[in-house]
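Heads up: the structure comes next, in structure tokens.
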2 protein chains.
Amino acid sequence: MSTQRAVRLSDVAAVAGVSKATASKALNDSPVVSPATKARVREAAERLDFRPNALALSFASGRSRTVGLLTHRATATFSRPVVMGAILRLGSRERAALVFDGRIDAHRDMTESVRTLQDRRIDGLLVVGSGYARVTPSITHHFDVPVTYAFAATDDPEDFVFLPDNERAGYLAARHLVERGRTRVAHVTADADDLAVRRRAAGFRRGLAEAGIAPLVTLHGSWRREWGEQAVSLLDEQQPRYDAVFCGNDHIGFGVLDALEARGRRVPDDVAVVGVDNWEEVVIDQKLRRLTTIDLDLMGVGRVAADNVIEPEADGGERFVEPLLVHGPST
Amino acid sequence: MSTQRAVRLSDVAAVAGVSKATASKALNDSPVVSPATKARVREAAERLDFRPNALALSFASGRSRTVGLLTHRATATFSRPVVMGAILRLGSRERAALVFDGRIDAHRDMTESVRTLQDRRIDGLLVVGSGYARVTPSITHHFDVPVTYAFAATDDPEDFVFLPDNERAGYLAARHLVERGRTRVAHVTADADDLAVRRRAAGFRRGLAEAGIAPLVTLHGSWRREWGEQAVSLLDEQQPRYDAVFCGNDHIGFGVLDALEARGRRVPDDVAVVGVDNWEEVVIDQKLRRLTTIDLDLMGVGRVAADNVIEPEADGGERFVEPLLVHGPST
């Protein structure tokens, strides 16, 4: 790596035969400099590999290349990948992230956070919530820079909102099981009051309906592995001829796999199993995958929301990120 | 929230009865302004609740309040909490994080990253590695701002390095089992070539030795749940009178718990079990804890490293972050 002195604006000015002030204006594309002079200065800058001090550039352009990131609880299980996706994308586009965590809900803290962010002259603000079920009060009107919401619903339909697609997750699971020739399909999931449960179930029904199939049964319980194990007992009593189970999440799926194995049912020959979350990807780096699953691509939700805060789409509204089917040995 | 016009430097200057230039110099603590004038300007600024534009302040002070974060693979299982702890701490101290991921090892990318970070005029650089076992080449000499390393060993003993304390984790596990009255203690862990395995085992032996106890047996395998299950069979054959198992990580611990349960052994009455990682905290927000474990506090490693990059300690060298015993029903 070179340790030579950095090229300065005065070097560029000298080479181009103009004053330092003119060189600066030319590089900032000022209308008072003629196109010919601009071209000469730019050529000199390129030849010398001149890299303007980013801080000076920021000051000249009024842009800080810093994005505010306001989160409710950044370390919660499902917010974490959204935050991680956002800061990595911001970094790859050379934007710094100023992260204010846990400051969305408490109103007093919120006022302070908004003020500090305004002072900081951020170029944009990204608000990361903790899921669609919780409505985040819109704060867009407090800022004169673009505001984007990820993994959060707001009370303003004009806001830019990026969300995982739970309906599509259920749909993809159903289509996959149909393609595998399954027709007697059960759904084991969590509480029916949960919005993610309802959306996944709706997409699942839609996907089956396209093949002229209805779910055998839908069993509601919790998000836990233990519920998956219990549900297999219930299924064996109520609908013993099931040939597939779509599980509301991977934890339920692991419980279903364990219970099927304990009962000597072959997976996927006798029963195919699909989960949601791609939890095995998170758990440990090198592993043996057991479960076919739908990955909601929460890092992707963070990434596209980060892109939107840098270059907003033409119109606000809710946008859903496409989930991915991850194939494993359970189907 | 107030929508009134922000107080400007010219307002402060008018109230203090000085020029705008003098007000600016006074607030930047310039030696050319008299102490009496400085006091008058500061009093006016305070009375008006003047908040200087952070970007202008940065430019005046030469500080960007932005910290570079260079990572090897930010989303890897154990790097993730270190990165998360670091960015949250930086945010709480109102520093923005400019994250460059995956750019530590490839030399060409590295040159480019160093150059971009130099241009950006960061106030400090935090390098997050992927564990102690992998030595990260020191890049401290490329920067004239503080550089700190988290979850990484470097080849320069003068570097500021913050690490989880695997030796202490083993020690805490041993002391806890001794306090619980256990004397016939087995250790089930991963490959003996792994540095974390060796350090945890060494701390474990030290903790037992303080009570005049030696481990019954140490079984080496993998980091996986399946190995924990197999290890119980081996223990039952080789050392059937064991009353506690210290597991190299929680995955092994879950396998041990499952196998003990399948064999009708009561936990903790017959056998106490301790893991490492506090994986149950990560897995899902609301859960029933099964395992006593040692939490290496990887987020804490990120936090103290972030503090150090803002305000470096007097001397470089390796510093270890204290792990925490998290008590569960398995002891």
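Here's how to read the names in the structure tokens: chain A, B, ... by the order shown, residue numbers from 1 in each chain, ligand numbers from 1 in the order shown.
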*Could you list the residues in chain A lying within 6 Å of chain B, using only C-alpha atoms, and format the result as an MDAnalysis selection string?*
chainID A and resid 53:54 91 96:100 119:120
For the residues selected in the previous step, produce a file with N, CA and C atoms as a PDB file, in the first residue's frame.
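Once written, result34.pdb looks like this:
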```
ATOM      1  N   ASN A  53     -11.147  15.081  -0.223  1.00  0.00           N
ATOM      2  CA  ASN A  53     -11.498  14.768   1.158  1.00  0.00           C
ATOM      3  C   ASN A  53     -13.019  14.682   1.252  1.00  0.00           C
ATOM      4  N   ALA A  54     -13.505  13.516   1.694  1.00  0.00           N
ATOM      5  CA  ALA A  54     -14.948  13.280   1.685  1.00  0.00           C
ATOM      6  C   ALA A  54     -15.689  14.271   2.577  1.00  0.00           C
ATOM      7  N   GLY A  91     -23.284   0.286   3.891  1.00  0.00           N
ATOM      8  CA  GLY A  91     -21.823   0.283   3.833  1.00  0.00           C
ATOM      9  C   GLY A  91     -21.318   0.022   2.426  1.00  0.00           C
ATOM     10  N   ALA A  96     -22.602   5.797   5.792  1.00  0.00           N
ATOM     11  CA  ALA A  96     -22.477   5.435   7.195  1.00  0.00           C
ATOM     12  C   ALA A  96     -23.871   5.364   7.812  1.00  0.00           C
ATOM     13  N   ALA A  97     -24.002   4.517   8.838  1.00  0.00           N
ATOM     14  CA  ALA A  97     -25.279   4.356   9.539  1.00  0.00           C
ATOM     15  C   ALA A  97     -25.143   4.881  10.952  1.00  0.00           C
ATOM     16  N   LEU A  98     -26.048   5.780  11.319  1.00  0.00           N
ATOM     17  CA  LEU A  98     -26.092   6.287  12.685  1.00  0.00           C
ATOM     18  C   LEU A  98     -27.283   5.604  13.354  1.00  0.00           C
ATOM     19  N   VAL A  99     -26.992   4.630  14.221  1.00  0.00           N
ATOM     20  CA  VAL A  99     -28.037   3.738  14.725  1.00  0.00           C
ATOM     21  C   VAL A  99     -28.563   4.227  16.067  1.00  0.00           C
ATOM     22  N   PHE A 100     -29.838   4.515  16.132  1.00  0.00           N
ATOM     23  CA  PHE A 100     -30.500   4.847  17.391  1.00  0.00           C
ATOM     24  C   PHE A 100     -31.437   3.701  17.719  1.00  0.00           C
ATOM     25  N   ASP A 119     -30.193  17.491  13.577  1.00  0.00           N
ATOM     26  CA  ASP A 119     -28.938  18.229  13.739  1.00  0.00           C
ATOM     27  C   ASP A 119     -27.804  17.587  12.958  1.00  0.00           C
ATOM     28  N   ARG A 120     -27.857  16.276  12.927  1.00  0.00           N
ATOM     29  CA  ARG A 120     -26.745  15.560  12.328  1.00  0.00           C
ATOM     30  C   ARG A 120     -26.724  15.712  10.809  1.00  0.00           C
TER      31      ARG A 120
END
```
Write out as a PDB file with N, CA and C atoms, in the first residue's frame the residues lying within 12 Å of Asp270 of chain B, counting only C-alpha atoms and excluding same-chain residues fewer than 3 positions away.
```pdb
ATOM      1  N   GLY B 181     -22.038 -29.140  44.231  1.00  0.00           N
ATOM      2  CA  GLY B 181     -21.668 -30.389  44.900  1.00  0.00           C
ATOM      3  C   GLY B 181     -21.293 -31.531  43.976  1.00  0.00           C
ATOM      4  N   ARG B 182     -21.036 -31.226  42.714  1.00  0.00           N
ATOM      5  CA  ARG B 182     -20.702 -32.292  41.774  1.00  0.00           C
ATOM      6  C   ARG B 182     -19.204 -32.598  41.853  1.00  0.00           C
ATOM      7  N   ARG B 184     -18.015 -35.813  40.093  1.00  0.00           N
ATOM      8  CA  ARG B 184     -17.676 -36.775  39.030  1.00  0.00           C
ATOM      9  C   ARG B 184     -18.128 -36.168  37.693  1.00  0.00           C
ATOM     10  N   VAL B 185     -17.239 -35.308  37.190  1.00  0.00           N
ATOM     11  CA  VAL B 185     -17.635 -34.397  36.124  1.00  0.00           C
ATOM     12  C   VAL B 185     -16.950 -34.755  34.806  1.00  0.00           C
ATOM     13  N   PRO B 240     -19.913 -44.693  34.016  1.00  0.00           N
ATOM     14  CA  PRO B 240     -21.353 -44.623  34.287  1.00  0.00           C
ATOM     15  C   PRO B 240     -21.727 -43.833  35.533  1.00  0.00           C
ATOM     16  N   ARG B 241     -20.780 -43.519  36.403  1.00  0.00           N
ATOM     17  CA  ARG B 241     -21.141 -42.830  37.639  1.00  0.00           C
ATOM     18  C   ARG B 241     -20.995 -41.306  37.561  1.00  0.00           C
ATOM     19  N   TYR B 242     -20.909 -40.722  36.364  1.00  0.00           N
ATOM     20  CA  TYR B 242     -20.783 -39.260  36.226  1.00  0.00           C
ATOM     21  C   TYR B 242     -22.023 -38.559  36.786  1.00  0.00           C
ATOM     22  N   ASP B 243     -21.792 -37.414  37.467  1.00  0.00           N
ATOM     23  CA  ASP B 243     -22.936 -36.655  38.004  1.00  0.00           C
ATOM     24  C   ASP B 243     -23.062 -35.263  37.371  1.00  0.00           C
ATOM     25  N   ALA B 244     -22.197 -34.958  36.401  1.00  0.00           N
ATOM     26  CA  ALA B 244     -22.306 -33.674  35.691  1.00  0.00           C
ATOM     27  C   ALA B 244     -21.562 -33.765  34.365  1.00  0.00           C
ATOM     28  N   VAL B 245     -22.045 -32.995  33.381  1.00  0.00           N
ATOM     29  CA  VAL B 245     -21.367 -32.904  32.091  1.00  0.00           C
ATOM     30  C   VAL B 245     -21.211 -31.428  31.737  1.00  0.00           C
ATOM     31  N   LEU B 257     -28.816 -33.425  26.886  1.00  0.00           N
ATOM     32  CA  LEU B 257     -30.108 -33.382  27.596  1.00  0.00           C
ATOM     33  C   LEU B 257     -31.105 -34.372  26.993  1.00  0.00           C
ATOM     34  N   LEU B 260     -30.050 -37.975  27.826  1.00  0.00           N
ATOM     35  CA  LEU B 260     -30.283 -38.292  29.245  1.00  0.00           C
ATOM     36  C   LEU B 260     -31.773 -38.526  29.475  1.00  0.00           C
ATOM     37  N   GLU B 261     -32.597 -37.668  28.871  1.00  0.00           N
ATOM     38  CA  GLU B 261     -34.049 -37.805  29.036  1.00  0.00           C
ATOM     39  C   GLU B 261     -34.526 -39.142  28.463  1.00  0.00           C
ATOM     40  N   ARG B 263     -32.955 -41.811  28.269  1.00  0.00           N
ATOM     41  CA  ARG B 263     -32.511 -42.915  29.129  1.00  0.00           C
ATOM     42  C   ARG B 263     -33.110 -42.844  30.526  1.00  0.00           C
ATOM     43  N   GLY B 264     -34.012 -41.894  30.750  1.00  0.00           N
ATOM     44  CA  GLY B 264     -34.683 -41.800  32.050  1.00  0.00           C
ATOM     45  C   GLY B 264     -33.796 -41.267  33.165  1.00  0.00           C
ATOM     46  N   ARG B 265     -32.702 -40.570  32.796  1.00  0.00           N
ATOM     47  CA  ARG B 265     -31.854 -39.945  33.824  1.00  0.00           C
ATOM     48  C   ARG B 265     -32.445 -38.585  34.148  1.00  0.00           C
ATOM     49  N   ARG B 266     -32.546 -38.272  35.444  1.00  0.00           N
ATOM     50  CA  ARG B 266     -33.132 -36.994  35.849  1.00  0.00           C
ATOM     51  C   ARG B 266     -32.071 -35.893  35.814  1.00  0.00           C
ATOM     52  N   VAL B 267     -32.448 -34.754  35.236  1.00  0.00           N
ATOM     53  CA  VAL B 267     -31.590 -33.556  35.180  1.00  0.00           C
ATOM     54  C   VAL B 267     -32.257 -32.474  36.022  1.00  0.00           C
ATOM     55  N   VAL B 273     -26.001 -30.412  33.819  1.00  0.00           N
ATOM     56  CA  VAL B 273     -25.434 -30.138  32.495  1.00  0.00           C
ATOM     57  C   VAL B 273     -25.222 -28.631  32.324  1.00  0.00           C
ATOM     58  N   SER B 330     -30.994 -26.992  34.187  1.00  0.00           N
ATOM     59  CA  SER B 330     -30.153 -28.184  34.044  1.00  0.00           C
ATOM     60  C   SER B 330     -29.077 -28.292  35.129  1.00  0.00           C
ATOM     61  N   THR B 331     -29.043 -27.327  36.073  1.00  0.00           N
ATOM     62  CA  THR B 331     -28.111 -27.440  37.215  1.00  0.00           C
ATOM     63  C   THR B 331     -28.837 -26.979  38.477  1.00  0.00           C
TER      64      THR B 331
END
```
*asked:* Report as a PyMOL selection string all protein, DNA and RNA residues lying within 7 Å of segment 307-312 of chain B, evaluated on only C-alpha atoms, omitting residues in the same chain fewer than 2 positions from it.
replied: chain B and resi 124-126+146-148+303-305+314
*Just asking: which residues within segment 75-172 of chain B are strand (DSSP E or B) according to DSSP, as number ranges by chain?*
B: 96-101, 124-136, 147-154, 160-164
*asked:* Just want the 10 Å neighbourhood of Arg206 of chain A, counted on only C-alpha atoms, with same-chain residues fewer than 5 positions away dropped. Output as number ranges by chain.
replied: A: 167-168, 170-172, 174-175, 200-201, 211-214
Please, could you write that set of residues out with N, CA and C atoms as an mmCIF file, in the first residue's frame?
```cif
data_model
loop_
_atom_site.group_PDB
_atom_site.id
_atom_site.type_symbol
_atom_site.label_atom_id
_atom_site.label_comp_id
_atom_site.auth_asym_id
_atom_site.auth_seq_id
_atom_site.Cartn_x
_atom_site.Cartn_y
_atom_site.Cartn_z
ATOM 1 N N GLU A 167 -47.756 -13.983 3.014
ATOM 2 C CA GLU A 167 -48.761 -14.636 2.166
ATOM 3 C C GLU A 167 -48.049 -15.461 1.097
ATOM 4 N N ARG A 168 -47.064 -14.848 0.476
ATOM 5 C CA ARG A 168 -46.313 -15.517 -0.583
ATOM 6 C C ARG A 168 -45.537 -16.731 -0.027
ATOM 7 N N GLY A 170 -46.530 -18.775 2.346
ATOM 8 C CA GLY A 170 -47.489 -19.881 2.403
ATOM 9 C C GLY A 170 -47.792 -20.416 1.010
ATOM 10 N N TYR A 171 -47.903 -19.492 0.059
ATOM 11 C CA TYR A 171 -48.193 -19.884 -1.323
ATOM 12 C C TYR A 171 -47.072 -20.763 -1.890
ATOM 13 N N LEU A 172 -45.822 -20.343 -1.683
ATOM 14 C CA LEU A 172 -44.679 -21.110 -2.200
ATOM 15 C C LEU A 172 -44.630 -22.506 -1.575
ATOM 16 N N ALA A 174 -47.193 -24.258 -0.487
ATOM 17 C CA ALA A 174 -48.273 -25.055 -1.075
ATOM 18 C C ALA A 174 -47.891 -25.532 -2.477
ATOM 19 N N ARG A 175 -47.367 -24.606 -3.304
ATOM 20 C CA ARG A 175 -47.007 -24.978 -4.680
ATOM 21 C C ARG A 175 -45.928 -26.065 -4.684
ATOM 22 N N ARG A 200 -49.696 -16.425 6.290
ATOM 23 C CA ARG A 200 -49.090 -17.661 5.781
ATOM 24 C C ARG A 200 -50.188 -18.672 5.441
ATOM 25 N N ALA A 201 -51.200 -18.777 6.313
ATOM 26 C CA ALA A 201 -52.290 -19.728 6.084
ATOM 27 C C ALA A 201 -53.086 -19.352 4.831
ATOM 28 N N ALA A 211 -54.558 -25.846 -7.282
ATOM 29 C CA ALA A 211 -54.489 -27.246 -7.717
ATOM 30 C C ALA A 211 -55.773 -27.988 -7.349
ATOM 31 N N GLY A 212 -56.776 -27.250 -6.943
ATOM 32 C CA GLY A 212 -58.053 -27.873 -6.603
ATOM 33 C C GLY A 212 -58.033 -28.674 -5.308
ATOM 34 N N ILE A 213 -57.122 -28.292 -4.398
ATOM 35 C CA ILE A 213 -56.974 -29.017 -3.126
ATOM 36 C C ILE A 213 -57.349 -28.086 -1.979
ATOM 37 N N ALA A 214 -57.930 -28.638 -0.941
ATOM 38 C CA ALA A 214 -58.155 -27.886 0.297
ATOM 39 C C ALA A 214 -57.295 -28.515 1.387
#
```
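Pairwise distance (atom CA of Gly207 of chain B, atom CA of Arg134 of chain B) equals 26.9 Å.
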*Skip Leu27 of chain B itself and residues of its chain fewer than 2 positions away, then list as JSON, numbers by chain all residues within 12 Å of it, counting only C-alpha atoms.*
{"B": [9, 12, 13, 16, 20, 21, 22, 23, 24, 25, 29, 30, 31, 32, 33, 34, 35, 37, 38, 39, 40, 41, 42, 43, 44, 45, 46, 50, 51, 52, 56, 57, 60, 61]}
Atoms to include: C-alpha atoms. Write the selected residues as a compact mmCIF listing (two decimals), in the first residue's frame.
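Ended up saving to selection_20.txt:
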```
# COMPACT_ATOMS: atom_id res chain seq x y z
CA LEU B 9 -25.13 31.01 14.45
CA VAL B 12 -26.10 33.71 18.69
CA ALA B 13 -23.70 36.32 17.29
CA ALA B 16 -23.61 38.12 22.11
CA LYS B 20 -20.61 35.66 13.07
CA ALA B 21 -16.95 34.82 12.46
CA THR B 22 -16.06 35.63 16.08
CA ALA B 23 -19.02 33.59 17.35
CA SER B 24 -17.85 30.63 15.26
CA LYS B 25 -14.28 30.93 16.54
CA ASP B 29 -12.49 27.35 21.24
CA SER B 30 -10.09 29.26 19.00
CA PRO B 31 -7.11 30.80 20.86
CA VAL B 32 -7.57 34.12 19.01
CA VAL B 33 -10.80 34.87 20.92
CA SER B 34 -10.54 36.25 24.47
CA PRO B 35 -11.88 34.15 27.37
CA THR B 37 -15.84 36.85 24.63
CA LYS B 38 -15.90 33.06 24.58
CA ALA B 39 -17.91 33.05 27.80
CA ARG B 40 -20.37 35.62 26.39
CA VAL B 41 -20.87 33.67 23.14
CA ARG B 42 -21.30 30.38 24.99
CA GLU B 43 -23.82 31.89 27.35
CA ALA B 44 -25.81 33.21 24.38
CA ALA B 45 -25.62 29.81 22.64
CA GLU B 46 -26.84 28.08 25.77
CA PHE B 50 -28.25 26.75 19.78
CA ARG B 51 -27.36 23.44 18.14
CA PRO B 52 -24.65 23.87 15.55
CA ALA B 56 -20.34 22.27 9.91
CA LEU B 57 -19.00 21.31 13.32
CA ALA B 60 -14.48 22.90 11.75
CA SER B 61 -13.15 20.25 14.11
```
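Computed from the coordinates, the atom CA of Asp250 of chain A to atom CA of Pro268 of chain B distance equals 28.5 Å.
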*How many Å lie between atom CA of Leu325 of chain B and atom CA of Leu177 of chain B, rounded to one decimal?*
11.4 Å
*Who sits within 9 Å of Pro215 of chain A, only C-alpha atoms, same chain under 2 positions skipped, as a VMD selection string*: chain A and resid 183 to 187 204 to 205 208 to 209 213 217 to 218
